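> Let me give you the structure first, and then I'll get to my questions.
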Amino acid sequence: MASSKLSAYFSKFPGLKRWAYNLSGFNQYGLHKDDVLNESDPDVAEALRRLPQHLRDERTFRIVRAMQLSLQKSVLPKEEWTKFEEDKKYLQPYLREVVGERQEKEEWNKNI
Amino acid sequence: MASKTPLLRAIAQRQYAAGQAAAKPLQAAASQDAKTTVLPNKLVVASVENNSPLSRVSVFFRAGSRFESTENLGAAHFLRIVAGLATRGASHFSITRNLQQLGANLTCQVGREHIAYTLEATNDTIEPTLNFLLEIASKQAFKPWELSDAVPRLRYELAGLSAPAKAVDLLHQAAFRSGLGNSLYVAKRNIGKLSSETMQHFVNQHFTSARCAVVGVGVDQELLVPAAQSLALDSANGPAAIKPTFYASELRRDIASNSAFVAIATQGASVSNAKDAVTFALLHKVAGAGPSVKWSNGAATSPVAKAAAAAAENEVIAASAFNTSYSDAGLFGAVVAAPSNVAGKAVEAVVRSLRSLSVSDADVKRAKSQLKAQLLQETETGSGLIESIGLEAVLRGSVAPSSQVLGLIDSVSTADVAAAAKKVSSGKLAMAAVGNLSQVPYLDQLK
């Protein structure tokens, strides 16, 4: 994640964000940003464990569909690509909580 | 964790000859009667400042297993298991580490009519820890993943339940069916059904100020009242308790075992009539409330134990009378633990002895001394004292001074106890049995 100063800088150029999003290409498989986070990162793994069942099912469907498309060396039709505005950051609330808990633990271990 | 005669928990009267105490002296205070305040939102605050170096504060709610409905059976048990997990203002880690840093202990206790969160700390650290207690007791967050992580602990506890405890639990279910008959423990089939929303709904309905009591031992009333006022609770009365009806029915659970554990009871006294409750407690002592000498079978002074020992011949057997009083119902009977081959004869002998209890003046005199001693001993420790005043405060709204309770015991006559014995001899029986029940008679075979 970019630091907050860097994020603030890039927020002045909203078009830049959209350009970078479309360039990365995962939206052509119908994936959202949170679908492609590194699952072996312990924070992400814990946040995924806490995901409620319906969100987990939707995510699994998108990933399986993307794997099928990748296997066939094709992508979704352009109308079905995930749009930048519609990209749902469903994992962020859980991720924030997990990171906050880890930081709290580290603060305690530093001082006590 | 059945609540026993909450009215009768006497508060020990310590008559120390010490002079006037300065701020935080090390000697105990002269009186251990509780000071009670009822706040405008009907919350009861009671405390005993006994200058103890250890302070205890408890938050009691009238939210025990009897208030569970069919949709949330086991909620009270699960609430106890998840006490101390994340609240709206603090994470589980933060609560644990902060309490450890302050040297405090958090426990949670659940009965058929109440739930209690207790915090113990030394008297110089009790103030900062109070905030945690109020948070834990009223602002549980019930995070779904923490609840599912707590399920193995729930299963472990269910696996460790002893057979006599199961028998007594089943006895309540046989005698009362719903309400007081709800099990104290969640059924295995319901473990997955207690979701975050269900738990939150149970708390919202039953954790109101009208059903709450904040009690302390070794703390000042002036510390407790503002803390209790800061508890942000709804002021509704909450759902009323299901009026208990006594059913003369039986429940049997066969399990692989060499023994049988049988609990039998008739209707006892409720705490709403204090004299009746005391009378049945005295009858309990007359019939035999367990041996007074360690490792003996109590047959010398207990007709119930004597009958069981005679029926068992050379086998090892344990039997004692059983009495419990709730706010609107009670049970009086006996619990028998016997090897399976003599269980049948033992149960029949115990029922015959219950039906023919003789009550003499000497018996009642002995019972009175034993009852007074038991009550005073139970409230001698800080943990016993806080449980006693907490139950009284949350179930009756006031705490009776010890002199009143001891006076009530003295006022019961032999005729009163004999009348209670007559009720037991003619009352209908409810029964529950757990273990190897091949010899245990069915209810319709018992007179």
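Residue numbering restarts at 1 in every chain; chains get A, B, ... in the order shown in the structure tokens, and ligands count up from 1 in that same order.
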How close does each residue of chain A get to chain B, giving the shortest atom pair and distance in Å to one decimal for every residue with an atom at most 12 Å away, counting only C-alpha atoms, sorted by chain and residue number, as CSV?

```
residue,atom,partner,partner_atom,distance
A:Glu46,CA,B:Trp145,CA,10.2
A:Ala47,CA,B:Trp145,CA,10.2
A:Leu48,CA,B:Trp145,CA,10.9
A:Arg49,CA,B:Trp145,CA,8.0
A:Arg50,CA,B:Trp145,CA,5.7
A:Leu51,CA,B:Trp145,CA,8.6
A:Pro52,CA,B:Pro144,CA,8.4
A:Gln53,CA,B:Pro144,CA,11.0
A:Tyr94,CA,B:Trp145,CA,11.0
A:Glu97,CA,B:Ser91,CA,9.9
A:Val98,CA,B:Ser91,CA,10.8
A:Gly100,CA,B:Ser91,CA,9.8
A:Glu101,CA,B:Ser91,CA,7.6
A:Arg102,CA,B:Phe93,CA,9.8
A:Gln103,CA,B:Phe93,CA,11.3
A:Glu104,CA,B:Ser94,CA,7.8
A:Lys105,CA,B:Phe93,CA,7.5
A:Glu106,CA,B:Phe93,CA,11.3
A:Glu107,CA,B:Ser94,CA,10.8
A:Trp108,CA,B:Arg97,CA,8.4
A:Asn109,CA,B:Arg97,CA,10.4
A:Ile112,CA,B:Gln101,CA,9.3
```
> Report as a VMD selection string all protein, DNA and RNA residues lying within 12 Å of Asn22 of chain A, evaluated on only C-alpha atoms, omitting residues in the same chain fewer than 2 positions from it.
chain A and resid 15 to 20 24 to 33 78 81 to 85 87
> Fewer than 2 positions away in the same chain doesn't count, so skip those; otherwise give me all residues within 6 Å of segment 183-185 of chain B, counting only C-alpha atoms, as number ranges by chain.
B: 65, 74, 77, 169
> List the neighbours of segment 121-126 of chain B out to 8 Å using only C-alpha atoms; skip same-chain residues closer than 3 positions along the sequence, and give me the result as number ranges by chain.
B: 52-56, 102-105, 129-130, 218-219
> DSSP on the backbone: which residues in chain A end up as helix (DSSP H, G or I)? Give the answer as a PyMOL selection string.
chain A and resi 4-11+14-24+26-29+33-36+42-49+53-71+78-80+92-111
> When distances are computed from only C-alpha atoms, which of A:Lys73, A:Asp34, A:Tyr9, A:Tyr21 shows the smallest separation from Leu91 of chain A?
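Going through A:Lys73, A:Asp34, A:Tyr9, A:Tyr21 one by one, the smallest distance to Leu91 of chain A is for A:Asp34.
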